[in-house]
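J.: There's a structure below that I have some questions on.
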Amino acid sequence: MPAFSITSPDDPRIADYRALTDVELRTKWEPPNGLFIAEGELVIQRALKAGYRMRSAMVDEKRADQLTGLPSDAPLYTAPPPVLESITGFHVHRGILASFHRRPLTPLASLLAGARRIAVLEGLNTHTNLGALFRSAAALGIDAVVLSPNCADPLYRRAVRVSMGEVFAIPYAKSDDWPQTLSAIREAGFTLLAMTPADDAVPLQSLTPAQRSRPALLLGAEGPGLTRQALQASDIRVSIPMHNGVDSLNVATAAAIAFWELSLHGYGDSGRPQQH
């Protein structure tokens, strides 16, 4: 892996890493250029394992000799911590960043055909929640994720970091036709389960085996929740029973609980997934 020393934050070779804390700027830069940034060795290795192609890496110059397992054809930029901070806008305490090429998203029809349980996200625009949700999805038996047009980018650095790279493990599609996409999901054989604290919602644990067989769990943004159109398009409104007057949970926490509940019929007494 060829190494190049960077002494100035204005060096044009490191444009991929500039102002990483500026969400608006990064949103305008990364997706249009087909790139994303991964932070930390574990996340970078998971991106490589998932088949993403590395464009370059940037590391604290003191750690350059410690790196292993990186592609030999991608340049490695090294710099002292003050220069790294001037470039990125934060202290790079994980030591290494890498720029990767994005891949085309899976078409919705193909995504649905290969999935048994999915999460459908409407308006989730907080990267930390999105990353946590993807991590839970990967751990708790969700096969794919469908995003509404106004959802945050799963490959934004903070979402990737919070997910610990599990955004690479779950295929996802982004809808351009909302809420009509919900009809397509139902036509593919899924039952649309809308998470809501509404009084007419059914407790998740009360769902029948048929309602659990191919669930599409709809989750809305913090605060507003699902839109009226999404609620109307759902087959069943579902909720997590609450105690002590609490009316709702953080969306990532609620998602993890719901994913676990929906996966229960696939587990035996041992708590391990059963083979089908």
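We name chains A, B, ... following the order of the structure tokens; residues begin at 1 in each chain, and ligands are numbered from 1 as shown.
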Give me the residues of region 78-185 of chain A that have any atom at most 8 Å from an atom of region 36-41 of chain A; for each, the nearest atom pair and the distance in Å, rounded to one decimal. Use only C-alpha atoms, sort by chain and number, and format it as JSON lines.
T.:
{"residue": "A:Arg94", "atom": "CA", "partner": "A:Gly40", "partner_atom": "CA", "distance": 5.1}
{"residue": "A:Gly95", "atom": "CA", "partner": "A:Gly40", "partner_atom": "CA", "distance": 6.6}
{"residue": "A:Ile96", "atom": "CA", "partner": "A:Gly40", "partner_atom": "CA", "distance": 5.4}
{"residue": "A:Leu97", "atom": "CA", "partner": "A:Glu39", "partner_atom": "CA", "distance": 4.6}
{"residue": "A:Ala98", "atom": "CA", "partner": "A:Ala38", "partner_atom": "CA", "distance": 5.3}
{"residue": "A:Ser99", "atom": "CA", "partner": "A:Ile37", "partner_atom": "CA", "distance": 4.7}
{"residue": "A:Phe100", "atom": "CA", "partner": "A:Phe36", "partner_atom": "CA", "distance": 5.4}
{"residue": "A:His101", "atom": "CA", "partner": "A:Phe36", "partner_atom": "CA", "distance": 6.6}
{"residue": "A:Arg102", "atom": "CA", "partner": "A:Phe36", "partner_atom": "CA", "distance": 6.6}
{"residue": "A:Leu155", "atom": "CA", "partner": "A:Phe36", "partner_atom": "CA", "distance": 6.1}
{"residue": "A:Tyr156", "atom": "CA", "partner": "A:Phe36", "partner_atom": "CA", "distance": 6.5}
{"residue": "A:Arg157", "atom": "CA", "partner": "A:Ile37", "partner_atom": "CA", "distance": 5.4}
{"residue": "A:Val160", "atom": "CA", "partner": "A:Ala38", "partner_atom": "CA", "distance": 6.8}
{"residue": "A:Arg161", "atom": "CA", "partner": "A:Glu39", "partner_atom": "CA", "distance": 6.5}
J.: If you count only C-alpha atoms, which residues fall within 7 Å of region 176-182 of chain A, apart from same-chain ones fewer than 6 positions away, as a PyMOL selection string?
T.: chain A and resi 148-149+229-230+233
J.: Using the selection just defined, write its residues with all heavy atoms as an mmCIF file, in the first residue's frame.
T.:
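result-v6.cif, freshly written:
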data_model
loop_
_atom_site.group_PDB
_atom_site.id
_atom_site.type_symbol
_atom_site.label_atom_id
_atom_site.label_comp_id
_atom_site.auth_asym_id
_atom_site.auth_seq_id
_atom_site.Cartn_x
_atom_site.Cartn_y
_atom_site.Cartn_z
ATOM 1 N N SER A 148 -37.573 5.231 3.416
ATOM 2 C CA SER A 148 -38.329 6.252 2.702
ATOM 3 C C SER A 148 -37.352 7.280 2.133
ATOM 4 O O SER A 148 -36.194 7.359 2.550
ATOM 5 C CB SER A 148 -39.324 6.931 3.641
ATOM 6 O OG SER A 148 -38.662 7.773 4.561
ATOM 7 N N PRO A 149 -37.796 8.126 1.193
ATOM 8 C CA PRO A 149 -36.874 9.086 0.569
ATOM 9 C C PRO A 149 -36.237 10.062 1.541
ATOM 10 O O PRO A 149 -35.141 10.566 1.274
ATOM 11 C CB PRO A 149 -37.774 9.822 -0.443
ATOM 12 C CG PRO A 149 -38.908 8.903 -0.697
ATOM 13 C CD PRO A 149 -39.136 8.167 0.583
ATOM 14 N N GLN A 229 -50.458 8.612 6.330
ATOM 15 C CA GLN A 229 -50.512 7.754 5.142
ATOM 16 C C GLN A 229 -49.913 6.376 5.410
ATOM 17 O O GLN A 229 -50.445 5.354 4.959
ATOM 18 C CB GLN A 229 -49.766 8.432 3.977
ATOM 19 C CG GLN A 229 -50.432 9.688 3.465
ATOM 20 C CD GLN A 229 -50.004 10.933 4.223
ATOM 21 O OE1 GLN A 229 -49.389 10.838 5.304
ATOM 22 N NE2 GLN A 229 -50.315 12.099 3.670
ATOM 23 N N ALA A 230 -48.810 6.338 6.153
ATOM 24 C CA ALA A 230 -48.183 5.047 6.461
ATOM 25 C C ALA A 230 -49.071 4.221 7.389
ATOM 26 O O ALA A 230 -49.222 3.003 7.209
ATOM 27 C CB ALA A 230 -46.816 5.268 7.086
ATOM 28 N N ALA A 233 -51.838 2.735 5.460
ATOM 29 C CA ALA A 233 -51.408 1.672 4.552
ATOM 30 C C ALA A 233 -51.077 0.373 5.272
ATOM 31 O O ALA A 233 -50.960 -0.678 4.633
ATOM 32 C CB ALA A 233 -50.188 2.131 3.759
#
J.: Near Ser183 (chain A), counting only C-alpha atoms, which residues have an atom at most 10 Å away, once you skip same-chain residues fewer than 6 positions from it, shown as a list in words?
T.: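 That gives Phe190, Leu192, Ala233 and Ser234 of chain A.
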J.: Looking at only C-alpha atoms, which of A:Ala15, A:Ala113, A:Ala256, A:Leu121 is the one that sits closest to Leu140 (chain A)?
T.: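 That would be A:Ala256, the residue with the smallest distance to Leu140 (chain A).
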J.: If we count only C-alpha atoms, what is near Arg117 (chain A) at a cut-off of 9 Å, once residues fewer than 6 positions away on the same chain are taken out, given as a PyMOL selection string?
T.: chain A and resi 141-144+190+212-217+259+262-263
J.: Produce a file of the selected residues containing N, CA and C atoms, as a short mmCIF file (atom, residue, chain, number, x, y, z; two decimals), in the first residue's frame.
T.:
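See result-v2.cif below for the written result:
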data_model
loop_
_atom_site.label_atom_id
_atom_site.label_comp_id
_atom_site.auth_asym_id
_atom_site.auth_seq_id
_atom_site.Cartn_x
_atom_site.Cartn_y
_atom_site.Cartn_z
N GLY A 141 -32.20 -10.94 13.35
CA GLY A 141 -32.95 -11.69 12.36
C GLY A 141 -33.70 -10.90 11.30
N ILE A 142 -33.37 -9.63 11.10
CA ILE A 142 -33.98 -8.86 10.03
C ILE A 142 -33.15 -9.04 8.77
N ASP A 143 -33.80 -9.34 7.66
CA ASP A 143 -33.09 -9.68 6.43
C ASP A 143 -32.78 -8.48 5.56
N ALA A 144 -33.59 -7.42 5.66
CA ALA A 144 -33.41 -6.28 4.77
C ALA A 144 -34.12 -5.07 5.36
N PHE A 190 -45.81 -9.55 2.33
CA PHE A 190 -45.51 -9.15 3.70
C PHE A 190 -46.75 -8.59 4.40
N ARG A 212 -46.93 -13.13 11.87
CA ARG A 212 -45.49 -13.09 12.06
C ARG A 212 -44.72 -13.73 10.91
N SER A 213 -45.39 -14.41 10.03
CA SER A 213 -44.69 -15.26 9.07
C SER A 213 -43.79 -14.47 8.12
N ARG A 214 -44.27 -13.33 7.63
CA ARG A 214 -43.42 -12.44 6.80
C ARG A 214 -43.72 -11.00 7.21
N PRO A 215 -43.19 -10.56 8.34
CA PRO A 215 -43.50 -9.23 8.84
C PRO A 215 -42.66 -8.14 8.18
N ALA A 216 -43.30 -7.00 7.94
CA ALA A 216 -42.61 -5.78 7.53
C ALA A 216 -42.91 -4.75 8.61
N LEU A 217 -41.95 -4.50 9.47
CA LEU A 217 -42.16 -3.62 10.61
C LEU A 217 -41.91 -2.17 10.21
N PHE A 259 -37.77 -6.40 16.90
CA PHE A 259 -37.06 -7.40 16.10
C PHE A 259 -36.94 -8.72 16.87
N LEU A 262 -40.35 -10.48 17.04
CA LEU A 262 -40.75 -11.06 15.77
C LEU A 262 -39.91 -12.28 15.39
N SER A 263 -38.74 -12.40 15.99
CA SER A 263 -37.86 -13.53 15.67
C SER A 263 -38.13 -14.74 16.55
#
J.: Assign secondary structure with DSSP using the backbone only, and return the residues of region 24-249 of chain A in strand (DSSP E or B) as a VMD selection string.
T.: chain A and resid 35 to 39 54 to 60 76 to 79 96 to 101 118 to 122 144 to 147 172 to 174 191 to 195 202 to 203 215 to 221 225 236 to 239
J.: So, counting only C-alpha atoms, which residue among A:Pro71, A:Pro154, A:Gly165, A:Gly220 is closest to Thr128 (chain A)?
T.: A:Pro154
J.: Grab the CA of Thr106 (chain A) to CA of Val145 (chain A) distance for me, in Å with one decimal place.
T.: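 These atoms are spaced 10.6 Å apart.
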J.: So which one's closest to Ala119 (chain A), A:Trp29, A:Tyr77, A:Tyr52, A:Tyr172? Using only C-alpha atoms, please.
T.: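 For Ala119 (chain A), the nearest of the given residues is A:Tyr172.
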J.: Considering only C-alpha atoms, can you say which of A:Ala210, A:Ile6, A:Val251, A:Ile14 comes closest to Gly189 (chain A)?
T.: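 Comparing A:Ala210, A:Ile6, A:Val251, A:Ile14 against Gly189 (chain A), the winner is A:Ala210.
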J.: Report the distance between CA of Val202 (chain A) and CA of Thr126 (chain A) in Å, rounded to one decimal place.
T.: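 We find that CA of Val202 (chain A) and CA of Thr126 (chain A) lie 27.0 Å from each other.
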J.: What separation in Å, quoted to one decimal, exists between CA of Leu133 (chain A) and CA of Arg158 (chain A)?
T.: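 Distance reported for this atom pair: 12.7 Å.
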J.: So that I can check the secondary structure, give me every residue of region 136-170 of chain A assigned alpha helix (DSSP H) by backbone DSSP, as a list of chain:residue names.
T.: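 Answer for region 136-170 of chain A restricted to alpha helix (DSSP H) is A:Ser136, A:Ala137, A:Ala138, A:Ala139, A:Arg157, A:Arg158, A:Ala159, A:Val160, A:Arg161, A:Val162.
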J.: Take the residues from that selection and write them out as a PDB file, in the first residue's frame, keeping C-alpha atoms.
T.:
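Writing the result to selection_14.pdb gives the following:
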ATOM      1  CA  SER A 136     -29.945  -4.556  15.934  1.00  0.00           C
ATOM      2  CA  ALA A 137     -31.386  -5.667  12.597  1.00  0.00           C
ATOM      3  CA  ALA A 138     -28.232  -7.621  11.800  1.00  0.00           C
ATOM      4  CA  ALA A 139     -28.181  -9.237  15.241  1.00  0.00           C
ATOM      5  CA  ARG A 157     -19.759   8.032   8.825  1.00  0.00           C
ATOM      6  CA  ARG A 158     -21.644   8.340  12.123  1.00  0.00           C
ATOM      7  CA  ALA A 159     -24.267   5.774  11.112  1.00  0.00           C
ATOM      8  CA  VAL A 160     -21.561   3.353   9.972  1.00  0.00           C
ATOM      9  CA  ARG A 161     -19.617   3.860  13.211  1.00  0.00           C
ATOM     10  CA  VAL A 162     -22.613   3.401  15.527  1.00  0.00           C
TER      11      VAL A 162
END
J.: May I have the residues within 10 Å of region 205-207 of chain A as an mmCIF file with C-alpha atoms, in the first residue's frame, using only C-alpha atoms and disregarding those fewer than 4 positions away in the same chain?
T.:
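Output below, filename selection-v5.cif:
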data_model
loop_
_atom_site.group_PDB
_atom_site.id
_atom_site.type_symbol
_atom_site.label_atom_id
_atom_site.label_comp_id
_atom_site.auth_asym_id
_atom_site.auth_seq_id
_atom_site.Cartn_x
_atom_site.Cartn_y
_atom_site.Cartn_z
ATOM 1 C CA LEU A 193 -46.965 -3.885 11.052
ATOM 2 C CA GLN A 211 -49.086 -12.308 11.105
ATOM 3 C CA ARG A 212 -45.485 -13.086 12.062
ATOM 4 C CA ILE A 236 -52.003 -3.977 11.773
ATOM 5 C CA VAL A 238 -48.677 -2.786 16.930
ATOM 6 C CA SER A 239 -47.107 -1.555 20.139
ATOM 7 C CA ILE A 240 -44.759 -2.511 22.958
ATOM 8 C CA PRO A 241 -46.651 -2.548 26.280
ATOM 9 C CA ALA A 258 -39.676 -5.583 18.177
ATOM 10 C CA GLU A 261 -40.190 -10.416 19.460
ATOM 11 C CA LEU A 262 -40.753 -11.062 15.765
ATOM 12 C CA LEU A 264 -39.059 -15.658 18.584
#
J.: I'd like to know which of A:Ser86, A:Asn33, A:Ser56, A:Thr208 is closest to Thr7 (chain A), using only C-alpha atoms.
T.: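 So, comparing all the options, the nearest one is A:Ser86.
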J.: At a cut-off of 7 Å, using only C-alpha atoms, what residues contact Glu166 (chain A)? Leave out same-chain residues fewer than 2 positions from it and give the result as a PDB file with N, CA and C atoms, in the first residue's frame.
T.:
ATOM      1  N   PHE A 134     -29.651  -0.514  12.455  1.00  0.00           N
ATOM      2  CA  PHE A 134     -29.042  -1.493  11.546  1.00  0.00           C
ATOM      3  C   PHE A 134     -28.274  -2.563  12.332  1.00  0.00           C
ATOM      4  N   ARG A 135     -27.609  -2.154  13.400  1.00  0.00           N
ATOM      5  CA  ARG A 135     -26.870  -3.135  14.205  1.00  0.00           C
ATOM      6  C   ARG A 135     -27.826  -4.141  14.834  1.00  0.00           C
ATOM      7  N   ALA A 138     -29.179  -6.565  12.148  1.00  0.00           N
ATOM      8  CA  ALA A 138     -28.232  -7.621  11.800  1.00  0.00           C
ATOM      9  C   ALA A 138     -28.185  -8.701  12.872  1.00  0.00           C
ATOM     10  N   SER A 163     -23.213   1.627  13.992  1.00  0.00           N
ATOM     11  CA  SER A 163     -23.627   0.260  13.645  1.00  0.00           C
ATOM     12  C   SER A 163     -22.493  -0.739  13.789  1.00  0.00           C
ATOM     13  N   MET A 164     -21.278  -0.253  14.058  1.00  0.00           N
ATOM     14  CA  MET A 164     -20.082  -1.103  14.108  1.00  0.00           C
ATOM     15  C   MET A 164     -19.886  -1.845  12.789  1.00  0.00           C
ATOM     16  N   PHE A 168     -23.149  -2.829   6.583  1.00  0.00           N
ATOM     17  CA  PHE A 168     -22.669  -3.578   5.432  1.00  0.00           C
ATOM     18  C   PHE A 168     -23.256  -4.986   5.367  1.00  0.00           C
ATOM     19  N   ALA A 169     -23.833  -5.450   6.475  1.00  0.00           N
ATOM     20  CA  ALA A 169     -24.337  -6.820   6.559  1.00  0.00           C
ATOM     21  C   ALA A 169     -25.793  -6.934   6.135  1.00  0.00           C
ATOM     22  N   ILE A 170     -26.515  -5.807   6.110  1.00  0.00           N
ATOM     23  CA  ILE A 170     -27.950  -5.826   5.828  1.00  0.00           C
ATOM     24  C   ILE A 170     -28.229  -5.125   4.508  1.00  0.00           C
TER      25      ILE A 170
END
